[in-house]
Every structure is written in C-alpha cells, then in structure tokens.
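**Student:** CSV, N, CA and C atoms, saved as run-v1.csv, coming up:
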```
chain,number,residue,atom,x,y,z
A,1,MET,N,-13.7,17.4,-12.0
A,1,MET,CA,-15.0,16.9,-12.5
A,1,MET,C,-15.3,15.6,-11.7
A,2,HIS,N,-14.4,15.1,-10.9
A,2,HIS,CA,-14.7,13.9,-10.1
A,2,HIS,C,-15.8,14.2,-9.0
A,3,GLU,N,-16.1,15.5,-8.8
A,3,GLU,CA,-17.2,15.9,-7.9
A,3,GLU,C,-18.5,15.4,-8.4
A,4,LEU,N,-18.7,15.3,-9.7
A,4,LEU,CA,-19.9,14.9,-10.3
A,4,LEU,C,-20.2,13.4,-9.9
A,5,SER,N,-19.3,12.5,-10.1
A,5,SER,CA,-19.5,11.1,-9.7
A,5,SER,C,-19.7,11.0,-8.2
A,6,VAL,N,-19.0,11.7,-7.4
A,6,VAL,CA,-19.1,11.7,-6.0
A,6,VAL,C,-20.5,12.2,-5.6
A,7,THR,N,-21.0,13.2,-6.2
A,7,THR,CA,-22.3,13.8,-5.9
A,7,THR,C,-23.4,12.8,-6.3
A,8,GLN,N,-23.2,12.1,-7.5
A,8,GLN,CA,-24.1,11.1,-7.9
A,8,GLN,C,-24.2,10.0,-6.9
A,9,ASN,N,-23.1,9.6,-6.3
A,9,ASN,CA,-23.1,8.5,-5.3
A,9,ASN,C,-23.8,9.0,-4.0
A,10,LEU,N,-23.5,10.3,-3.6
A,10,LEU,CA,-24.2,10.8,-2.4
A,10,LEU,C,-25.7,10.8,-2.6
A,11,LEU,N,-26.2,11.2,-3.8
A,11,LEU,CA,-27.6,11.1,-4.1
A,11,LEU,C,-28.2,9.7,-4.1
A,12,LYS,N,-27.5,8.8,-4.6
A,12,LYS,CA,-27.9,7.4,-4.6
A,12,LYS,C,-28.0,6.9,-3.2
A,13,ILE,N,-27.0,7.2,-2.4
A,13,ILE,CA,-27.1,6.7,-1.0
A,13,ILE,C,-28.3,7.4,-0.2
A,14,ALA,N,-28.5,8.7,-0.4
A,14,ALA,CA,-29.6,9.4,0.2
A,14,ALA,C,-30.9,8.8,-0.2
A,15,LEU,N,-31.1,8.6,-1.5
A,15,LEU,CA,-32.4,8.0,-2.0
A,15,LEU,C,-32.6,6.6,-1.5
A,16,ASP,N,-31.6,5.8,-1.5
A,16,ASP,CA,-31.7,4.4,-1.0
A,16,ASP,C,-32.1,4.4,0.4
A,17,HIS,N,-31.5,5.2,1.2
A,17,HIS,CA,-31.8,5.3,2.7
A,17,HIS,C,-33.2,5.9,2.9
A,18,ALA,N,-33.6,6.8,2.1
A,18,ALA,CA,-34.9,7.4,2.2
A,18,ALA,C,-36.0,6.4,1.8
A,19,GLU,N,-35.7,5.6,0.8
A,19,GLU,CA,-36.7,4.6,0.4
A,19,GLU,C,-36.9,3.6,1.5
A,20,LYS,N,-35.8,3.1,2.1
A,20,LYS,CA,-35.9,2.1,3.2
A,20,LYS,C,-36.6,2.7,4.4
A,21,ALA,N,-36.6,4.0,4.6
A,21,ALA,CA,-37.2,4.6,5.7
A,21,ALA,C,-38.7,5.1,5.4
A,22,ASN,N,-39.1,4.8,4.1
A,22,ASN,CA,-40.4,5.3,3.6
A,22,ASN,C,-40.5,6.8,3.8
A,23,ALA,N,-39.4,7.5,3.5
A,23,ALA,CA,-39.4,8.9,3.7
A,23,ALA,C,-40.1,9.6,2.5
A,24,ARG,N,-40.7,10.8,2.8
A,24,ARG,CA,-41.3,11.6,1.8
A,24,ARG,C,-40.3,12.6,1.2
A,25,GLN,N,-39.3,12.9,2.0
A,25,GLN,CA,-38.4,13.9,1.6
A,25,GLN,C,-37.0,13.8,2.3
A,26,VAL,N,-35.9,14.0,1.6
A,26,VAL,CA,-34.6,14.1,2.2
A,26,VAL,C,-34.4,15.5,2.5
A,27,THR,N,-34.1,15.9,3.7
A,27,THR,CA,-34.0,17.3,4.1
A,27,THR,C,-32.5,17.8,4.3
A,28,VAL,N,-31.6,16.9,4.8
A,28,VAL,CA,-30.3,17.4,5.1
A,28,VAL,C,-29.3,16.2,4.9
A,29,LEU,N,-28.2,16.6,4.3
A,29,LEU,CA,-27.0,15.6,4.2
A,29,LEU,C,-25.9,16.3,4.9
A,30,ASN,N,-25.3,15.6,5.9
A,30,ASN,CA,-24.1,16.1,6.6
A,30,ASN,C,-22.9,15.4,6.0
A,31,ILE,N,-22.0,16.2,5.4
A,31,ILE,CA,-20.9,15.7,4.7
A,31,ILE,C,-19.6,16.1,5.4
A,32,VAL,N,-18.7,15.2,5.7
A,32,VAL,CA,-17.4,15.5,6.3
A,32,VAL,C,-16.3,15.5,5.3
A,33,MET,N,-15.6,16.7,5.2
A,33,MET,CA,-14.5,16.8,4.3
A,33,MET,C,-13.2,17.3,4.9
A,34,GLY,N,-12.2,16.5,4.8
A,34,GLY,CA,-10.9,16.9,5.3
A,34,GLY,C,-10.3,18.1,4.5
A,35,GLU,N,-9.5,18.9,5.2
A,35,GLU,CA,-8.8,20.0,4.7
A,35,GLU,C,-8.0,19.6,3.5
A,36,LEU,N,-7.4,18.4,3.5
A,36,LEU,CA,-6.6,18.0,2.4
A,36,LEU,C,-7.3,17.2,1.3
A,37,SER,N,-8.6,17.1,1.5
A,37,SER,CA,-9.4,16.4,0.5
A,37,SER,C,-9.4,17.2,-0.8
A,38,SER,N,-9.5,16.5,-1.9
A,38,SER,CA,-9.5,17.2,-3.2
A,38,SER,C,-10.9,17.6,-3.6
A,39,MET,N,-11.9,17.3,-2.8
A,39,MET,CA,-13.2,17.7,-3.1
A,39,MET,C,-13.5,19.2,-2.9
A,40,VAL,N,-14.3,19.8,-3.7
A,40,VAL,CA,-14.7,21.2,-3.6
A,40,VAL,C,-16.2,21.3,-3.2
A,41,ASP,N,-16.5,21.8,-2.1
A,41,ASP,CA,-17.9,21.8,-1.6
A,41,ASP,C,-18.8,22.6,-2.6
A,42,ASP,N,-18.3,23.7,-3.2
A,42,ASP,CA,-19.1,24.5,-4.1
A,42,ASP,C,-19.5,23.7,-5.3
A,43,SER,N,-18.5,22.8,-5.8
A,43,SER,CA,-18.8,22.0,-7.0
A,43,SER,C,-19.8,20.9,-6.6
A,44,ILE,N,-19.7,20.3,-5.4
A,44,ILE,CA,-20.7,19.3,-5.0
A,44,ILE,C,-22.1,19.9,-4.9
A,45,GLN,N,-22.1,21.1,-4.3
A,45,GLN,CA,-23.4,21.8,-4.2
A,45,GLN,C,-24.0,22.1,-5.6
A,46,PHE,N,-23.1,22.5,-6.5
A,46,PHE,CA,-23.6,22.8,-7.9
A,46,PHE,C,-24.2,21.6,-8.6
A,47,TYR,N,-23.4,20.5,-8.5
A,47,TYR,CA,-23.9,19.2,-9.1
A,47,TYR,C,-25.1,18.7,-8.4
A,48,TRP,N,-25.2,18.9,-7.1
A,48,TRP,CA,-26.4,18.4,-6.4
A,48,TRP,C,-27.6,19.1,-6.9
A,49,GLU,N,-27.6,20.4,-7.1
A,49,GLU,CA,-28.7,21.1,-7.6
A,49,GLU,C,-29.2,20.6,-8.9
A,50,MET,N,-28.3,20.2,-9.7
A,50,MET,CA,-28.6,19.7,-11.1
A,50,MET,C,-29.2,18.3,-11.0
A,51,ILE,N,-28.5,17.4,-10.3
A,51,ILE,CA,-28.9,15.9,-10.4
A,51,ILE,C,-30.0,15.6,-9.4
A,52,ALA,N,-30.2,16.3,-8.3
A,52,ALA,CA,-31.2,16.0,-7.4
A,52,ALA,C,-32.6,16.6,-7.8
A,53,LYS,N,-32.6,17.4,-8.8
A,53,LYS,CA,-33.8,18.0,-9.3
A,53,LYS,C,-34.9,16.9,-9.7
A,54,ASP,N,-36.1,17.2,-9.2
A,54,ASP,CA,-37.2,16.2,-9.5
A,54,ASP,C,-37.1,14.9,-8.7
A,55,THR,N,-36.3,14.9,-7.6
A,55,THR,CA,-36.3,13.8,-6.7
A,55,THR,C,-36.8,14.3,-5.3
A,56,ILE,N,-36.9,13.3,-4.4
A,56,ILE,CA,-37.3,13.7,-3.1
A,56,ILE,C,-36.2,14.4,-2.3
A,57,ALA,N,-35.0,14.4,-2.9
A,57,ALA,CA,-33.9,15.1,-2.3
A,57,ALA,C,-33.6,16.5,-2.9
A,58,GLU,N,-34.5,16.9,-3.7
A,58,GLU,CA,-34.3,18.2,-4.5
A,58,GLU,C,-34.0,19.4,-3.5
A,59,LYS,N,-34.8,19.4,-2.4
A,59,LYS,CA,-34.7,20.6,-1.5
A,59,LYS,C,-33.8,20.3,-0.3
A,60,ALA,N,-33.0,19.3,-0.4
A,60,ALA,CA,-32.1,18.9,0.7
A,60,ALA,C,-31.0,20.0,0.9
A,61,THR,N,-30.6,20.2,2.1
A,61,THR,CA,-29.5,21.1,2.4
A,61,THR,C,-28.3,20.3,2.6
A,62,LEU,N,-27.2,20.7,2.0
A,62,LEU,CA,-25.9,20.0,2.2
A,62,LEU,C,-25.1,20.8,3.2
A,63,HIS,N,-24.7,20.2,4.3
A,63,HIS,CA,-23.9,20.8,5.3
A,63,HIS,C,-22.5,20.2,5.2
A,64,PHE,N,-21.5,21.0,5.1
A,64,PHE,CA,-20.1,20.5,5.0
A,64,PHE,C,-19.4,20.8,6.3
A,65,LYS,N,-18.8,19.8,6.9
A,65,LYS,CA,-18.0,19.9,8.1
A,65,LYS,C,-16.6,19.7,7.7
A,66,ARG,N,-15.7,20.7,7.9
A,66,ARG,CA,-14.3,20.6,7.5
A,66,ARG,C,-13.5,20.0,8.7
A,67,ILE,N,-12.6,19.1,8.4
A,67,ILE,CA,-11.7,18.5,9.4
A,67,ILE,C,-10.3,19.1,9.1
A,68,PRO,N,-9.7,19.7,10.1
A,68,PRO,CA,-8.4,20.3,9.8
A,68,PRO,C,-7.3,19.2,9.6
A,69,ALA,N,-6.3,19.6,8.8
A,69,ALA,CA,-5.2,18.7,8.6
A,69,ALA,C,-4.3,18.6,9.8
A,70,GLU,N,-3.9,17.4,10.1
A,70,GLU,CA,-2.9,17.2,11.1
A,70,GLU,C,-1.8,16.2,10.6
A,71,LEU,N,-0.6,16.6,10.7
A,71,LEU,CA,0.5,15.8,10.3
A,71,LEU,C,1.4,15.4,11.4
A,72,GLN,N,2.2,14.3,11.2
A,72,GLN,CA,3.2,13.9,12.2
A,72,GLN,C,4.5,13.8,11.5
A,73,CYS,N,5.5,14.5,12.0
A,73,CYS,CA,6.8,14.5,11.5
A,73,CYS,C,7.4,13.1,11.7
A,74,VAL,N,8.0,12.6,10.6
A,74,VAL,CA,8.6,11.2,10.7
A,74,VAL,C,10.0,11.3,11.4
A,75,ALA,N,10.6,12.4,11.5
A,75,ALA,CA,11.9,12.6,12.1
A,75,ALA,C,11.8,12.7,13.7
A,76,CYS,N,10.9,13.6,14.1
A,76,CYS,CA,10.8,13.9,15.6
A,76,CYS,C,9.5,13.5,16.2
A,77,LEU,N,8.6,13.0,15.4
A,77,LEU,CA,7.2,12.5,15.8
A,77,LEU,C,6.3,13.6,16.3
A,78,ASN,N,6.7,14.9,16.1
A,78,ASN,CA,5.9,16.0,16.5
A,78,ASN,C,4.6,16.0,15.6
A,79,LYS,N,3.4,16.2,16.3
A,79,LYS,CA,2.2,16.4,15.5
A,79,LYS,C,1.9,17.9,15.4
A,80,TYR,N,1.5,18.3,14.2
A,80,TYR,CA,1.3,19.7,13.9
A,80,TYR,C,0.2,19.9,12.8
A,81,HIS,N,-0.3,21.1,12.8
A,81,HIS,CA,-1.2,21.5,11.7
A,81,HIS,C,-0.4,22.3,10.8
A,82,PRO,N,-0.4,21.9,9.5
A,82,PRO,CA,0.4,22.7,8.5
A,82,PRO,C,-0.2,24.1,8.3
A,83,ALA,N,0.6,25.1,8.4
A,83,ALA,CA,0.2,26.5,8.2
A,83,ALA,C,0.4,26.9,6.8
A,84,GLY,N,-0.7,27.4,6.2
A,84,GLY,CA,-0.6,27.9,4.8
A,84,GLY,C,-0.1,26.9,3.8
A,85,GLY,N,-0.4,25.6,4.0
A,85,GLY,CA,0.1,24.6,3.1
A,85,GLY,C,1.6,24.2,3.2
A,86,GLU,N,2.2,24.8,4.2
A,86,GLU,CA,3.6,24.4,4.5
A,86,GLU,C,3.7,23.1,5.2
A,87,LEU,N,4.5,22.1,4.6
A,87,LEU,CA,4.5,20.8,5.2
A,87,LEU,C,5.8,20.6,6.1
A,88,ILE,N,6.6,21.5,6.2
A,88,ILE,CA,7.9,21.4,7.0
A,88,ILE,C,7.5,21.4,8.5
A,89,CYS,N,8.1,20.5,9.2
A,89,CYS,CA,7.8,20.4,10.7
A,89,CYS,C,8.3,21.7,11.4
A,90,PRO,N,7.4,22.3,12.1
A,90,PRO,CA,7.7,23.6,12.8
A,90,PRO,C,8.7,23.3,14.0
A,91,HIS,N,8.8,22.1,14.4
A,91,HIS,CA,9.6,21.8,15.6
A,91,HIS,C,11.0,21.5,15.2
A,92,CYS,N,11.2,20.6,14.2
A,92,CYS,CA,12.6,20.3,13.8
A,92,CYS,C,13.0,20.6,12.4
A,93,GLY,N,12.1,21.1,11.6
A,93,GLY,CA,12.4,21.5,10.2
A,93,GLY,C,12.4,20.3,9.3
A,94,GLY,N,12.0,19.1,9.8
A,94,GLY,CA,12.0,17.9,8.9
A,94,GLY,C,11.0,18.1,7.8
A,95,ALA,N,11.3,17.4,6.7
A,95,ALA,CA,10.4,17.5,5.5
A,95,ALA,C,9.4,16.4,5.3
A,96,GLY,N,9.7,15.3,6.0
A,96,GLY,CA,8.8,14.1,5.8
A,96,GLY,C,7.7,14.1,6.9
A,97,ALA,N,6.5,13.8,6.5
A,97,ALA,CA,5.4,13.8,7.4
A,97,ALA,C,4.4,12.7,7.0
A,98,LYS,N,3.8,12.2,8.1
A,98,LYS,CA,2.7,11.2,7.9
A,98,LYS,C,1.4,12.0,8.1
A,99,ILE,N,0.4,11.8,7.3
A,99,ILE,CA,-0.9,12.4,7.5
A,99,ILE,C,-1.7,11.7,8.5
A,100,ILE,N,-2.1,12.4,9.6
A,100,ILE,CA,-2.9,11.9,10.6
A,100,ILE,C,-4.4,12.1,10.4
A,101,SER,N,-4.8,13.3,9.9
A,101,SER,CA,-6.1,13.6,9.5
A,101,SER,C,-6.2,14.7,8.5
A,102,GLY,N,-7.3,14.8,7.8
A,102,GLY,CA,-7.4,15.9,6.8
A,102,GLY,C,-7.8,15.4,5.5
A,103,GLU,N,-7.7,14.1,5.2
A,103,GLU,CA,-8.0,13.5,3.9
A,103,GLU,C,-9.5,12.9,3.8
A,104,GLU,N,-10.2,13.0,4.9
A,104,GLU,CA,-11.5,12.4,5.0
A,104,GLU,C,-12.5,13.0,4.0
A,105,PHE,N,-13.4,12.1,3.6
A,105,PHE,CA,-14.5,12.5,2.8
A,105,PHE,C,-15.6,11.4,3.0
A,106,PHE,N,-16.7,11.8,3.7
A,106,PHE,CA,-17.7,10.8,3.9
A,106,PHE,C,-19.0,11.5,4.2
A,107,LEU,N,-20.1,10.7,4.0
A,107,LEU,CA,-21.4,11.2,4.4
A,107,LEU,C,-21.7,10.7,5.8
A,108,GLU,N,-21.8,11.7,6.7
A,108,GLU,CA,-21.9,11.4,8.1
A,108,GLU,C,-23.3,11.0,8.5
A,109,SER,N,-24.3,11.7,7.9
A,109,SER,CA,-25.7,11.4,8.3
A,109,SER,C,-26.7,12.0,7.2
A,110,ILE,N,-27.9,11.5,7.3
A,110,ILE,CA,-28.9,12.0,6.4
A,110,ILE,C,-30.2,12.2,7.2
A,111,ASP,N,-30.8,13.3,7.0
A,111,ASP,CA,-32.1,13.6,7.7
A,111,ASP,C,-33.2,13.5,6.7
A,112,VAL,N,-34.3,12.9,7.1
A,112,VAL,CA,-35.4,12.7,6.2
A,112,VAL,C,-36.7,13.0,6.9
A,113,GLU,N,-37.8,13.3,6.2
A,113,GLU,CA,-39.1,13.5,6.7
A,113,GLU,C,-40.0,12.3,6.2
A,114,THR,N,-40.6,11.7,7.2
A,114,THR,CA,-41.5,10.5,6.8
A,114,THR,C,-42.9,10.9,6.8
```
Could you rewrite the structure in this file as structure tokens?

**Tutor:**
Amino acid sequence: MHELSVTQNLLKIALDHAEKANARQVTVLNIVMGELSSMVDDSIQFYWEMIAKDTIAEKATLHFKRIPAELQCVACLNKYHPAGGELICPHCGGAGAKIISGEEFFLESIDVET
C-alpha cells in the first residue's frame, strides 16, 4: 500500500512543476525503478488513475524505466547481476554482497504542454 503515498507524491511534484511552467497539461512522467525496488509499477499506475482524475495530469502517461540489479561480492569484489533472485556470487560462491544498483526509485522527468 506504500505505492499510494508514493503516487500521491509523484502527482504533487508533477502538479507543482506544471504550475511553475504555466502548463495546461501534464503529458508524461518518466519514472526510474530499480529491479530491487519494492515498488510495483502496476500499483502506481492504478493509484495514478484514481488520484490524478480531474487534474491537469489526468491523461498523463507513466513510463517506467527498469534499472537492473548489480551486486558486488564482499569476498572477491566481483560485480555481477543476480540471476533469478540468487544472491550467491557466481565467481567465488560468497554469500555477502554490496548492492551497487537496483534499488533506485525516482522521477526522472516530466513533460508538459503549455
């Protein structure tokens, strides 16, 4: 359910920026989501359709860009992409890893019509 509050924040950001640009309509939101992010794009889309209704962002398209997970083994320092959720290092079999990328979640850009 945390997608609702995240979606509310996305809408607020979009509307604030649209207002500053004197925009008539918000057309696109480009959202970056890491593979390891706990966010679910279908849920964000669902909530967006509910809460953006009757705003200048109502017809905006949400584009989700996925960032693949990349880990680094703490034992051998090998960087790898976990396959099928497996976190074991494919190089040395080590179980400890540092997350290099894949947890991202941010609004990359907003397109508006003025």

**Student:** If you run DSSP on the backbone here, which positions in chain A get helix (DSSP H, G or I)? Please write them as a PyMOL selection string.

**Tutor:** chain A and resi 2-20+41-51

**Student:** Can you tell me which residues surround Glu3 of chain A at a distance of at most 7 Å, considering all atoms listed in the file, apart from same-chain residues fewer than 4 positions away, and format the answer as a VMD selection string?

**Tutor:** chain A and resid 7 to 8 39 to 40 43 to 44 47

**Student:** Write down as number ranges by chain the residues of chain A whose backbone DSSP state falls under strand (DSSP E or B).

**Tutor:** A: 25-34, 61-67, 70-73, 79-80, 97-101, 105-113

**Student:** Point out the residue among A:Gln72, A:Ala97, A:Ala60, A:Leu77 with the least atom-to-atom distance to Ala18 of chain A, counting only C-alpha atoms.

**Tutor:**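 Of A:Gln72, A:Ala97, A:Ala60, A:Leu77, the one nearest Ala18 of chain A is A:Ala60, counting only C-alpha atoms.
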
**Student:** Go through A:Ile67, A:Ala75, A:Ile56, A:Leu107 one by one, measure the shortest atom-to-atom distance of each to Ile31 of chain A using only C-alpha atoms, and give the residue with the smallest value.

**Tutor:** A:Leu107
